[in-house]
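What follows is protein-v3.txt (compact mmCIF, C-alpha atoms and all ligand atoms).
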# COMPACT_ATOMS: atom_id res chain seq x y z
CA MET A 246 83.16 11.39 -56.23
CA THR A 247 82.56 8.43 -53.94
CA GLU A 248 79.40 7.20 -52.23
CA LYS A 249 80.40 9.17 -49.12
CA ASP A 250 80.16 12.43 -51.05
CA PHE A 251 76.41 11.88 -51.33
CA LEU A 252 75.84 11.73 -47.59
CA PRO A 253 73.81 14.77 -46.62
CA LYS A 254 75.30 18.01 -45.44
CA ALA A 255 73.61 19.85 -42.56
CA TYR A 256 69.94 20.58 -43.13
CA THR A 257 68.20 23.81 -42.27
CA ALA A 258 64.68 23.39 -40.80
CA LEU A 259 62.67 20.52 -42.23
CA PRO A 260 59.49 21.71 -44.00
CA ALA A 261 56.22 20.82 -42.24
CA GLU A 262 54.45 19.80 -45.45
CA GLY A 263 54.41 20.29 -49.18
CA LYS A 264 54.00 18.72 -52.59
CA VAL A 265 56.41 18.41 -55.52
CA THR A 266 55.87 17.02 -59.02
CA TRP A 267 58.42 15.88 -61.61
CA LYS A 268 58.13 14.38 -65.07
CA ALA A 269 61.04 12.13 -66.05
CA PRO A 270 61.54 10.50 -69.44
CA SER A 271 62.54 6.99 -70.38
CA ASN A 272 65.82 6.38 -72.21
CA ILE A 273 67.12 3.96 -74.79
CA ALA A 274 70.67 2.64 -74.56
CA LEU A 275 72.92 2.61 -77.63
CA VAL A 276 75.67 0.71 -75.78
CA LYS A 277 73.87 -1.54 -73.33
CA TYR A 278 74.31 -2.09 -69.61
CA TRP A 279 73.91 -5.79 -68.87
CA GLY A 280 75.45 -7.27 -65.74
CA LYS A 281 76.03 -5.62 -62.40
CA HIS A 282 77.98 -5.76 -59.15
CA PRO A 283 76.42 -5.22 -55.69
CA ASN A 284 74.88 -1.80 -54.95
CA GLN A 285 73.79 -1.31 -58.55
CA ILE A 286 77.31 -0.84 -59.88
CA PRO A 287 77.32 -1.59 -63.62
CA ALA A 288 79.65 -4.28 -64.95
CA ASN A 289 80.23 -2.18 -68.06
CA PRO A 290 79.69 1.43 -69.15
CA SER A 291 76.71 2.42 -71.30
CA ILE A 292 75.37 5.38 -73.27
CA SER A 293 71.79 6.31 -74.06
CA PHE A 294 69.53 8.72 -75.85
CA THR A 295 67.15 10.36 -73.40
CA LEU A 296 63.60 10.08 -74.76
CA ASP A 297 60.87 12.68 -74.70
CA ALA A 298 57.33 11.33 -75.05
CA CYS A 299 57.66 8.17 -72.94
CA ALA A 300 57.71 9.56 -69.42
CA THR A 301 56.49 9.11 -65.87
CA THR A 302 54.96 11.97 -63.89
CA THR A 303 55.19 11.60 -60.13
CA SER A 304 53.92 13.81 -57.33
CA VAL A 305 55.11 13.40 -53.78
CA SER A 306 53.06 15.03 -51.02
CA PHE A 307 54.77 15.06 -47.64
CA LYS A 308 53.73 15.79 -44.11
CA LYS A 309 56.12 15.82 -41.17
CA ASN A 310 55.54 13.36 -38.32
CA SER A 311 55.81 14.56 -34.75
CA SER A 312 58.78 12.21 -34.32
CA LYS A 313 60.91 9.93 -36.49
CA ALA A 314 59.04 6.69 -37.31
CA SER A 315 60.62 3.24 -37.24
CA GLN A 316 59.42 2.45 -40.77
CA PHE A 317 58.75 4.31 -43.99
CA SER A 318 55.20 5.54 -44.26
CA PHE A 319 53.72 6.08 -47.71
CA ASP A 320 50.60 5.54 -49.79
CA LEU A 321 51.03 4.80 -53.46
CA TYR A 322 48.65 5.57 -56.31
CA PHE A 323 49.24 4.55 -59.91
CA GLU A 324 47.02 6.30 -62.44
CA GLY A 325 44.67 7.31 -59.65
CA LYS A 326 44.29 3.85 -58.09
CA SER A 327 45.89 2.54 -54.93
CA LYS A 328 48.69 0.11 -55.87
CA PRO A 329 49.78 -2.02 -52.92
CA ASP A 330 51.69 -4.40 -55.24
CA PHE A 331 54.13 -1.58 -56.21
CA LYS A 332 54.90 -0.86 -52.57
CA PRO A 333 57.67 -3.43 -51.94
CA LYS A 334 59.76 -2.00 -54.82
CA VAL A 335 59.39 1.54 -53.52
CA ASN A 336 60.14 0.37 -49.97
CA THR A 337 63.37 -1.29 -51.14
CA PHE A 338 64.29 1.90 -52.97
CA LEU A 339 63.68 4.00 -49.85
CA GLU A 340 65.78 1.58 -47.76
CA ARG A 341 68.65 1.89 -50.22
CA ILE A 342 68.59 5.67 -50.34
CA GLU A 343 67.93 6.32 -46.63
CA PRO A 344 71.62 6.72 -45.71
CA TYR A 345 71.75 9.59 -48.21
CA MET A 346 68.38 11.06 -47.17
CA PRO A 347 68.04 10.54 -43.42
CA PHE A 348 64.87 12.64 -43.22
CA LEU A 349 62.70 10.03 -44.98
CA LYS A 350 61.32 8.42 -41.81
CA GLU A 351 60.36 11.85 -40.48
CA TYR A 352 57.58 12.11 -43.05
CA GLN A 353 54.36 10.58 -44.26
CA PHE A 354 54.26 10.49 -48.04
CA THR A 355 51.59 10.19 -50.68
CA ILE A 356 53.12 9.17 -54.00
CA GLU A 357 50.94 9.58 -57.10
CA THR A 358 52.40 8.37 -60.36
CA SER A 359 51.28 7.95 -63.96
CA ASN A 360 52.90 7.02 -67.27
CA SER A 361 52.44 8.73 -70.62
CA PHE A 362 52.62 5.37 -72.37
CA PRO A 363 49.88 2.76 -72.26
CA HIS A 364 49.79 0.61 -69.15
CA SER A 365 51.38 -2.82 -69.65
CA SER A 366 52.76 -1.85 -73.06
CA GLY A 367 55.85 -3.91 -72.32
CA ILE A 368 57.80 -0.65 -71.99
CA ALA A 369 59.81 -0.69 -68.80
CA SER A 370 58.67 2.19 -66.63
CA SER A 371 61.34 1.56 -64.01
CA ALA A 372 63.83 4.02 -65.55
CA SER A 373 61.39 6.95 -65.83
CA GLY A 374 59.55 5.95 -62.63
CA MET A 375 62.62 5.75 -60.41
CA ALA A 376 64.06 8.93 -61.94
CA ALA A 377 60.82 10.87 -61.29
CA LEU A 378 60.65 9.65 -57.69
CA ALA A 379 64.32 10.43 -57.04
CA LEU A 380 63.80 13.95 -58.42
CA CYS A 381 60.79 14.57 -56.17
CA LEU A 382 62.79 13.52 -53.10
CA MET A 383 65.75 15.65 -54.21
CA ASP A 384 63.40 18.60 -54.60
CA MET A 385 62.36 18.06 -50.99
CA GLU A 386 65.99 17.87 -49.90
CA ARG A 387 66.72 21.09 -51.76
CA GLN A 388 64.11 22.81 -49.59
CA MET A 389 66.16 21.82 -46.54
CA ARG A 390 69.44 23.12 -47.95
CA SER A 391 70.21 26.60 -49.12
CA ASP A 392 73.46 25.83 -50.88
CA MET A 393 72.66 23.19 -53.49
CA SER A 394 73.82 23.91 -57.05
CA GLN A 395 71.90 22.63 -60.08
CA ALA A 396 74.84 20.35 -60.95
CA GLU A 397 74.81 18.86 -57.45
CA PHE A 398 71.03 18.41 -57.64
CA ASN A 399 71.20 16.52 -60.95
CA GLN A 400 74.15 14.41 -59.89
CA LYS A 401 72.58 13.28 -56.63
CA ALA A 402 69.21 12.68 -58.36
CA SER A 403 71.01 10.40 -60.83
CA PHE A 404 72.90 8.69 -58.01
CA LEU A 405 69.66 7.98 -56.12
CA ALA A 406 67.74 6.91 -59.24
CA ARG A 407 70.48 4.37 -59.96
CA LEU A 408 69.80 2.74 -56.60
CA GLY A 409 66.18 2.19 -57.74
CA SER A 410 66.94 0.89 -61.22
CA GLY A 411 70.36 1.11 -62.86
CA SER A 412 69.31 2.65 -66.16
CA ALA A 413 67.16 5.23 -64.31
CA CYS A 414 70.34 7.21 -63.61
CA ARG A 415 70.38 8.04 -67.34
CA SER A 416 66.87 9.61 -67.19
CA ILE A 417 67.60 12.85 -65.33
CA GLU A 418 69.20 14.93 -68.08
CA GLY A 419 69.40 14.84 -71.87
CA ASP A 420 70.22 14.34 -74.55
CA LEU A 421 73.02 11.76 -74.59
CA ILE A 422 74.02 10.31 -71.23
CA ALA A 423 76.96 8.10 -70.32
CA TRP A 424 76.99 5.96 -67.20
CA GLY A 425 79.77 3.72 -65.93
CA ARG A 426 83.48 4.30 -65.54
CA HIS A 427 85.18 4.36 -68.92
CA ALA A 428 88.78 5.51 -69.47
CA GLY A 429 87.81 7.32 -72.68
CA ILE A 430 85.16 9.50 -71.02
CA PRO A 431 86.56 11.91 -68.44
CA LYS A 432 84.49 12.24 -65.24
CA SER A 433 82.43 9.16 -66.12
CA SER A 434 81.30 7.27 -63.03
CA ASP A 435 79.73 4.00 -61.97
CA LEU A 436 77.65 5.98 -59.46
CA TYR A 437 75.69 8.34 -61.73
CA GLY A 438 75.11 9.36 -65.33
CA ILE A 439 76.85 12.34 -66.92
CA LYS A 440 76.07 14.35 -70.03
CA TYR A 441 78.12 12.94 -72.89
CA PRO A 442 81.06 15.40 -72.93
CA PHE A 443 82.23 15.21 -76.55
CA GLU A 444 81.13 16.74 -79.84
CA VAL A 445 77.79 15.49 -81.15
CA ASN A 446 76.85 16.05 -84.79
CA PRO A 447 73.55 17.94 -85.29
CA VAL A 448 72.05 14.88 -87.01
CA PHE A 449 71.84 13.19 -83.58
CA LYS A 450 70.18 16.20 -81.97
CA LYS A 451 66.94 15.44 -83.77
CA TYR A 452 66.92 11.69 -83.80
CA HIS A 453 63.64 9.82 -83.70
CA ASP A 454 62.65 6.58 -82.02
CA ILE A 455 59.44 4.78 -82.90
CA ILE A 456 58.75 2.02 -80.41
CA LEU A 457 56.92 -0.91 -81.98
CA LEU A 458 54.90 -2.71 -79.32
CA VAL A 459 55.38 -6.31 -80.32
CA HIS A 460 54.49 -7.99 -77.07
CA LYS A 461 52.74 -6.28 -74.24
CA GLY A 462 52.63 -9.15 -71.75
CA GLN A 463 54.84 -9.80 -68.76
CA LYS A 464 58.43 -10.75 -69.60
CA GLN A 465 59.42 -14.33 -68.78
CA VAL A 466 62.69 -13.19 -67.22
CA SER A 467 63.09 -9.86 -65.41
CA SER A 468 66.05 -7.51 -65.97
CA THR A 469 67.20 -8.22 -62.42
CA MET A 470 67.44 -11.95 -63.16
CA GLY A 471 69.07 -11.25 -66.53
CA HIS A 472 71.76 -9.05 -64.97
CA ASN A 473 72.46 -11.77 -62.38
CA LEU A 474 72.96 -14.37 -65.08
CA MET A 475 75.97 -12.39 -66.32
CA LYS A 476 77.76 -13.62 -63.19
CA GLY A 477 79.82 -16.58 -64.35
CA HIS A 478 78.56 -16.16 -67.93
CA PRO A 479 81.11 -17.75 -70.30
CA PHE A 480 81.30 -14.64 -72.51
CA ALA A 481 80.99 -11.96 -69.82
CA LYS A 482 84.58 -10.76 -69.86
CA GLU A 483 84.64 -10.32 -73.64
CA ARG A 484 81.23 -8.65 -73.60
CA PHE A 485 82.25 -6.10 -70.97
CA GLN A 486 85.42 -5.32 -72.97
CA GLN A 487 83.36 -4.95 -76.12
CA ALA A 488 81.13 -2.34 -74.47
CA HIS A 489 84.23 -0.26 -73.69
CA GLN A 490 85.41 -0.64 -77.28
CA ASN A 491 82.02 0.33 -78.67
CA LEU A 492 82.00 3.50 -76.56
CA ASP A 493 85.37 4.43 -78.04
CA ARG A 494 84.12 3.58 -81.53
CA LEU A 495 81.10 5.83 -81.05
CA ARG A 496 83.17 8.94 -80.28
CA PRO A 497 84.15 9.84 -83.89
CA ILE A 498 80.84 8.43 -85.18
CA LEU A 499 78.83 10.79 -82.98
CA ALA A 500 81.09 13.72 -83.83
CA GLN A 501 80.98 13.17 -87.58
CA GLY A 502 77.41 11.95 -87.92
CA ALA A 503 78.66 8.75 -89.56
CA LEU A 504 75.29 7.03 -89.80
CA ASP A 505 76.39 3.74 -91.40
CA ASP A 506 78.89 3.15 -88.62
CA PHE A 507 76.38 4.29 -86.00
CA ILE A 508 73.94 1.69 -87.29
CA GLU A 509 76.57 -1.04 -87.13
CA VAL A 510 77.44 -0.32 -83.49
CA VAL A 511 73.83 0.12 -82.34
CA GLU A 512 72.41 -2.98 -84.00
CA SER A 513 75.38 -5.09 -82.91
CA GLU A 514 74.86 -3.93 -79.32
CA ALA A 515 71.17 -4.87 -79.44
CA LEU A 516 71.85 -8.33 -80.84
CA THR A 517 74.75 -8.90 -78.42
CA LEU A 518 72.46 -8.08 -75.48
CA HIS A 519 70.04 -10.76 -76.65
CA ALA A 520 72.90 -13.15 -77.48
CA MET A 521 73.97 -12.86 -73.83
CA MET A 522 70.47 -13.88 -72.79
CA MET A 523 70.47 -16.82 -75.17
CA THR A 524 73.85 -18.02 -73.86
CA SER A 525 73.13 -17.58 -70.13
CA ALA A 526 72.60 -20.57 -67.86
CA PRO A 527 69.67 -20.98 -67.82
CA TYR A 528 69.24 -19.54 -71.33
CA PHE A 529 66.21 -17.55 -72.36
CA ILE A 530 64.80 -15.66 -75.34
CA LEU A 531 62.88 -12.40 -75.01
CA MET A 532 62.49 -11.71 -78.74
CA LYS A 533 59.32 -12.94 -80.43
CA PRO A 534 58.84 -14.09 -84.04
CA ASP A 535 57.53 -10.61 -84.88
CA THR A 536 60.71 -9.04 -83.45
CA LEU A 537 62.74 -11.00 -86.02
CA GLU A 538 60.30 -10.25 -88.84
CA ILE A 539 60.64 -6.55 -88.09
CA ILE A 540 64.44 -6.70 -87.97
CA ASN A 541 64.54 -8.42 -91.35
CA LYS A 542 62.14 -5.91 -92.86
CA ILE A 543 64.25 -3.01 -91.53
CA TRP A 544 67.37 -4.52 -93.12
CA ASP A 545 65.54 -5.03 -96.39
CA PHE A 546 64.09 -1.50 -96.42
CA ARG A 547 67.44 0.03 -95.52
CA SER A 548 69.21 -1.52 -98.48
CA ARG A 549 66.27 -1.06 -100.88
CA ALA A 550 65.45 2.56 -99.97
CA LYS A 551 69.03 3.58 -99.10
CA THR A 552 67.66 5.07 -95.88
CA PRO A 553 69.71 5.07 -92.66
CA VAL A 554 67.13 3.54 -90.37
CA CYS A 555 68.12 0.98 -87.73
CA PHE A 556 66.77 -0.87 -84.74
CA THR A 557 67.68 -1.40 -81.16
CA LEU A 558 66.13 -3.57 -78.46
CA ASP A 559 65.96 -3.38 -74.71
CA ALA A 560 65.31 -6.36 -72.48
CA GLY A 561 62.08 -7.35 -74.23
CA ALA A 562 60.43 -8.09 -77.57
CA ASN A 563 59.58 -4.50 -78.55
CA VAL A 564 61.64 -2.89 -81.30
CA HIS A 565 62.95 0.69 -81.19
CA VAL A 566 63.27 2.06 -84.73
CA LEU A 567 65.89 4.84 -84.80
CA TYR A 568 66.17 7.32 -87.67
CA PRO A 569 67.23 10.91 -88.40
CA GLU A 570 64.80 13.76 -88.97
CA SER A 571 65.56 13.93 -92.72
CA THR A 572 64.12 10.44 -93.30
CA ARG A 573 60.99 10.95 -91.21
CA GLN A 574 58.28 10.80 -93.87
CA LYS A 575 59.80 7.79 -95.60
CA VAL A 576 60.29 5.84 -92.37
CA ILE A 577 56.79 6.55 -91.03
CA GLN A 578 55.32 5.39 -94.35
CA PHE A 579 57.44 2.22 -94.20
CA ILE A 580 56.35 1.53 -90.64
CA GLN A 581 52.71 1.97 -91.53
CA ASP A 582 52.96 -0.13 -94.69
CA GLU A 583 55.14 -2.96 -93.41
CA LEU A 584 55.75 -3.02 -89.66
CA VAL A 585 52.47 -2.11 -87.96
CA ALA A 586 51.11 -5.54 -88.86
CA HIS A 587 53.70 -7.05 -86.52
CA CYS A 588 52.67 -4.91 -83.53
CA GLU A 589 50.19 -6.14 -80.94
CA ASN A 590 46.90 -4.40 -81.79
CA GLY A 591 48.86 -2.32 -84.32
CA GLN A 592 50.26 -0.18 -81.49
CA TYR A 593 53.42 1.90 -81.64
CA ILE A 594 54.72 5.05 -79.94
CA CYS A 595 56.43 7.94 -81.71
CA ASP A 596 59.22 9.34 -79.62
CA ARG A 597 62.36 11.39 -80.14
CA ILE A 598 65.53 12.37 -78.36
CA GLY A 599 64.75 14.60 -75.38
CA MET A 600 66.36 17.04 -73.01
CA GLY A 601 65.63 15.41 -69.67
CA ALA A 602 63.30 15.63 -66.69
CA LYS A 603 61.18 18.68 -65.88
CA LYS A 604 59.66 20.03 -62.72
CA ILE A 605 55.91 20.50 -63.04
CA THR A 606 54.65 23.57 -61.25
CA PRO A 607 50.97 23.67 -60.30
CA LYS A 608 48.79 25.81 -62.58
CA ARG A 609 47.39 28.92 -60.90
CA GLU A 610 43.61 28.80 -60.55
O1 LIG B 1 67.94 -0.66 -65.41
P1 LIG B 1 67.61 -2.09 -65.58
O2 LIG B 1 68.09 -2.92 -64.44
O3 LIG B 1 66.17 -2.33 -65.90
O4 LIG B 1 68.44 -2.65 -66.84
C1 LIG B 1 68.29 -2.16 -68.12
C2 LIG B 1 69.03 -2.97 -69.08
C3 LIG B 1 68.81 -2.66 -70.56
O5 LIG B 1 67.66 -1.88 -70.78
C4 LIG B 1 68.65 -3.97 -71.28
C5 LIG B 1 70.03 -1.96 -71.14
C6 LIG B 1 70.24 -0.53 -70.77
O6 LIG B 1 71.41 -0.12 -70.72
O7 LIG B 1 69.25 0.21 -70.58

Now, as a test, write the supplied structure out as structure tokens.
Amino acid sequence: MTEKDFLPKAYTALPAEGKVTWKAPSNIALVKYWGKHPNQIPANPSISFTLDACATTTSVSFKKNSSKASQFSFDLYFEGKSKPDFKPKVNTFLERIEPYMPFLKEYQFTIETSNSFPHSSGIASSASGMAALALCLMDMERQMRSDMSQAEFNQKASFLARLGSGSACRSIEGDLIAWGRHAGIPKSSDLYGIKYPFEVNPVFKKYHDIILLVHKGQKQVSSTMGHNLMKGHPFAKERFQQAHQNLDRLRPILAQGALDDFIEVVESEALTLHAMMMTSAPYFILMKPDTLEIINKIWDFRSRAKTPVCFTLDAGANVHVLYPESTRQKVIQFIQDELVAHCENGQYICDRIGMGAKKITPKRE
């Protein structure tokens, strides 16, 4: 597939008005995407667990204009309140996807969005938010085309979501998603995420992720800036190669359920991501003292309690604690006894691996 394959086929009549609602989850990368080329093309392939509880629900109401407008027309509400400061991001997204959805300027939109996780929790909502919006617009497009398969729908939704925020393309389906061309994964693409095509041991089908909210404030450096700093980064080439190697390493690990090796790859990926930040020019640190305290306590608990629990990080100070179902009681007790003290206001979110986005149909009165 190339970008051209996502240009629209002929539409049947455009609907006069309507409303669609989708709920899309967040995701957490095991092998991290960090660094990109123009048009949101990743510099290296990545793989993620789709999450379940952390999600964005978005409704798009649409009404056809009498003629095509010269600009996009939309109102935006976040958790019931008008949000003009979110508009530029959505406008940029619409500009990027317009070639693939030429009907957008024919409509007036009302976009209402809300997150399941606390506002300003330091959890990036861009992945779930862009995925939910892309799915709503795809749902609209599906109403204009009689011949769209489910596979085509998911693939184009992922393609569009990627243009909003790279990692959003991994938030359409579950439960393990690969994104970025990698020789070892057939049909993998830089343009959209695909379901991980190889054997996955049942232990990973019920994996848990508790997100410890260490720092809820604004990040000092955005992901966009961080990705850009990989251009000319002295270790970029080696890092991109390493991501390919780690994807290959994960294949037998995921098939066999080899948890010790899984932990080694996942924690190394998290620390490498942050090492790239610390060795960028200019350098920066997104971890906080509590992030490091938590990591050390996880290492200590793991060796003491012989329990296969590990951490990963995204581009921030919060810590994702990953563990299999069989260790659930022990790990929750450990978190309550030893880690909650390091969370801002003692807050954490219990999540687990999920199966992807869902359409929300209105309840009948
Ligand atoms: O999708 P973005 O541009 O917010 O970048 C996400 C980057 C990481 O979360 C750090 C890694 C990843 O693969 O999700």

Region 438-447 of chain A: which residues within 7 Å, counting only C-alpha atoms, same-chain residues fewer than 4 positions away excluded, as a PDB file with C-alpha atoms, keeping the file's coordinate frame?
ATOM      1  CA  SER A 403      71.010  10.400 -60.830  1.00  0.00           C
ATOM      2  CA  CYS A 414      70.340   7.210 -63.610  1.00  0.00           C
ATOM      3  CA  ARG A 415      70.380   8.040 -67.340  1.00  0.00           C
ATOM      4  CA  GLY A 419      69.400  14.840 -71.870  1.00  0.00           C
ATOM      5  CA  LEU A 421      73.020  11.760 -74.590  1.00  0.00           C
ATOM      6  CA  ILE A 422      74.020  10.310 -71.230  1.00  0.00           C
ATOM      7  CA  ALA A 423      76.960   8.100 -70.320  1.00  0.00           C
ATOM      8  CA  TRP A 424      76.990   5.960 -67.200  1.00  0.00           C
ATOM      9  CA  SER A 433      82.430   9.160 -66.120  1.00  0.00           C
ATOM     10  CA  SER A 434      81.300   7.270 -63.030  1.00  0.00           C
ATOM     11  CA  LEU A 499      78.830  10.790 -82.980  1.00  0.00           C
ATOM     12  CA  ALA A 500      81.090  13.720 -83.830  1.00  0.00           C
ATOM     13  CA  GLN A 501      80.980  13.170 -87.580  1.00  0.00           C
ATOM     14  CA  GLY A 502      77.410  11.950 -87.920  1.00  0.00           C
TER      15      GLY A 502
END

### Task
Within 9 Å of ligand LIG 1 (chain B), which residues show up when you count only C-alpha atoms and all ligand atoms? List them as a ChimeraX atom specification, please.
/A:272-281,285,290-293,369-372,407,409-415,424,467-469,471-472,515,518-519,558-561

Output C-alpha atoms for every residue in that selection, as a CSV table (one decimal), keeping the file's coordinate frame.
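Once everything was written out, this is selection08.csv:
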chain,number,residue,atom,x,y,z
A,272,ASN,CA,65.8,6.4,-72.2
A,273,ILE,CA,67.1,4.0,-74.8
A,274,ALA,CA,70.7,2.6,-74.6
A,275,LEU,CA,72.9,2.6,-77.6
A,276,VAL,CA,75.7,0.7,-75.8
A,277,LYS,CA,73.9,-1.5,-73.3
A,278,TYR,CA,74.3,-2.1,-69.6
A,279,TRP,CA,73.9,-5.8,-68.9
A,280,GLY,CA,75.4,-7.3,-65.7
A,281,LYS,CA,76.0,-5.6,-62.4
A,285,GLN,CA,73.8,-1.3,-58.6
A,290,PRO,CA,79.7,1.4,-69.2
A,291,SER,CA,76.7,2.4,-71.3
A,292,ILE,CA,75.4,5.4,-73.3
A,293,SER,CA,71.8,6.3,-74.1
A,369,ALA,CA,59.8,-0.7,-68.8
A,370,SER,CA,58.7,2.2,-66.6
A,371,SER,CA,61.3,1.6,-64.0
A,372,ALA,CA,63.8,4.0,-65.6
A,407,ARG,CA,70.5,4.4,-60.0
A,409,GLY,CA,66.2,2.2,-57.7
A,410,SER,CA,66.9,0.9,-61.2
A,411,GLY,CA,70.4,1.1,-62.9
A,412,SER,CA,69.3,2.6,-66.2
A,413,ALA,CA,67.2,5.2,-64.3
A,414,CYS,CA,70.3,7.2,-63.6
A,415,ARG,CA,70.4,8.0,-67.3
A,424,TRP,CA,77.0,6.0,-67.2
A,467,SER,CA,63.1,-9.9,-65.4
A,468,SER,CA,66.0,-7.5,-66.0
A,469,THR,CA,67.2,-8.2,-62.4
A,471,GLY,CA,69.1,-11.2,-66.5
A,472,HIS,CA,71.8,-9.0,-65.0
A,515,ALA,CA,71.2,-4.9,-79.4
A,518,LEU,CA,72.5,-8.1,-75.5
A,519,HIS,CA,70.0,-10.8,-76.6
A,558,LEU,CA,66.1,-3.6,-78.5
A,559,ASP,CA,66.0,-3.4,-74.7
A,560,ALA,CA,65.3,-6.4,-72.5
A,561,GLY,CA,62.1,-7.4,-74.2

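Going from CA of Ser416 (chain A) over to CA of Phe251 (chain A), you cover 18.6 Å.
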
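In this structure, CA of Asp420 (chain A) sits 10.1 Å away from CA of Arg597 (chain A).
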
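When all atoms listed in the file are used to measure the gap to Ala298 (chain A), the shortest distance among A:Asp493, A:Glu418, A:Glu397, A:Asp454 belongs to A:Asp454.
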
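The neighbours of Gln487 (chain A) here are the residues that come within 10 Å of it, using all atoms listed in the file and leaving out any residue fewer than 4 positions away in the same chain; they are Val276, Asn289, Ala481, Lys482, Glu483, Asn491, Leu492, Asp493, Glu514 and Thr517 of chain A.
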
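For the pair CA of Asn399 (chain A) and CA of Thr266 (chain A), the separation is 15.5 Å.
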
Region 382-436 of chain A near region 335-347 of chain A within 12 Å: what's each residue's closest atom pair and its distance in Å to one decimal, counting only C-alpha atoms, ordered by chain then ascending residue number, as a Markdown table?
| residue | atom | partner | partner_atom | distance |
| --- | --- | --- | --- | --- |
| A:Leu382 | CA | A:Met346 | CA | 8.5 |
| A:Met383 | CA | A:Met346 | CA | 8.8 |
| A:Asp384 | CA | A:Met346 | CA | 11.7 |
| A:Met385 | CA | A:Met346 | CA | 10.0 |
| A:Glu386 | CA | A:Met346 | CA | 7.7 |
| A:Arg387 | CA | A:Met346 | CA | 11.2 |
| A:Met389 | CA | A:Met346 | CA | 11.0 |
| A:Lys401 | CA | A:Tyr345 | CA | 9.2 |
| A:Ala402 | CA | A:Ile342 | CA | 10.7 |
| A:Ser403 | CA | A:Ile342 | CA | 11.8 |
| A:Phe404 | CA | A:Ile342 | CA | 9.3 |
| A:Leu405 | CA | A:Ile342 | CA | 6.3 |
| A:Ala406 | CA | A:Phe338 | CA | 8.7 |
| A:Arg407 | CA | A:Phe338 | CA | 9.7 |
| A:Leu408 | CA | A:Arg341 | CA | 6.5 |
| A:Gly409 | CA | A:Phe338 | CA | 5.1 |
| A:Ser410 | CA | A:Phe338 | CA | 8.7 |
| A:Gly411 | CA | A:Phe338 | CA | 11.6 |

### Message
Need the shell around Gly599 (chain A): protein/DNA/RNA residues with any atom at most 8 Å away, counting only C-alpha atoms. Skip same-chain ones fewer than 4 positions apart. Format as a ChimeraX atom specification?
### Response
/A:270,294-297,419-420

### Message
Which residue is closest to Glu512 (chain A)? Choose from A:Leu495, A:Ala377, A:Ile540, A:Ala261 and count only C-alpha atoms.
### Response
A:Ile540

Taking all atoms of region 561-577 of chain A that appear in the file, build a box with edges along x, y and z, extend it by 8 Å on every side, and state its centre and edge lengths in Å to one decimal, as AutoDock Vina command-line options.
--center_x 62.0 --center_y 2.9 --center_z -84.9 --size_x 26.4 --size_y 38.0 --size_z 37.4

### Query
Near region 568-583 of chain A, counting all atoms listed in the file, which residues have an atom at most 12 Å away, once you skip same-chain residues fewer than 3 positions from it, shown as an MDAnalysis selection string?
chainID A and resid 446:457 502:505 507:508 511 535 538:543 545:547 549:557 564:565 586:588 591:598

With a distance cut-off of 10 Å and all atoms listed in the file, select the neighbouring residues of Lys604 (chain A), excluding the residue or stretch itself and same-chain residues fewer than 6 positions from it, and output the selection as a PDB file with C-alpha atoms, in the coordinates of the input.
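Output below, filename part.pdb:
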ATOM      1  CA  VAL A 265      56.410  18.410 -55.520  1.00  0.00           C
ATOM      2  CA  THR A 266      55.870  17.020 -59.020  1.00  0.00           C
ATOM      3  CA  TRP A 267      58.420  15.880 -61.610  1.00  0.00           C
ATOM      4  CA  LYS A 268      58.130  14.380 -65.070  1.00  0.00           C
ATOM      5  CA  ALA A 269      61.040  12.130 -66.050  1.00  0.00           C
ATOM      6  CA  THR A 302      54.960  11.970 -63.890  1.00  0.00           C
ATOM      7  CA  THR A 303      55.190  11.600 -60.130  1.00  0.00           C
ATOM      8  CA  ALA A 377      60.820  10.870 -61.290  1.00  0.00           C
ATOM      9  CA  LEU A 380      63.800  13.950 -58.420  1.00  0.00           C
ATOM     10  CA  CYS A 381      60.790  14.570 -56.170  1.00  0.00           C
ATOM     11  CA  ASP A 384      63.400  18.600 -54.600  1.00  0.00           C
TER      12      ASP A 384
END

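Nearest-residue note for Pro253 (chain A): choosing from A:Lys308, A:Ser361, A:Ser373, A:Asp392, the minimum distance belongs to A:Asp392, counting only C-alpha atoms.
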
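The shortest atom-to-atom distance to Pro260 (chain A), with all atoms listed in the file taken into account, belongs to A:Arg390 out of A:Arg390, A:Lys476, A:Lys326, A:His460.
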
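In terms of minimum interatomic distance to Asp435 (chain A), A:Asn284 ranks closest within A:Asn284, A:Thr301, A:Gln486, A:Thr536, counting all atoms listed in the file.
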
### Summary
Min atom-atom distance to Ala488 (chain A) from the set A:Ala526, A:Met470, A:Met375, A:Val510, counting all atoms listed in the file, belongs to A:Val510
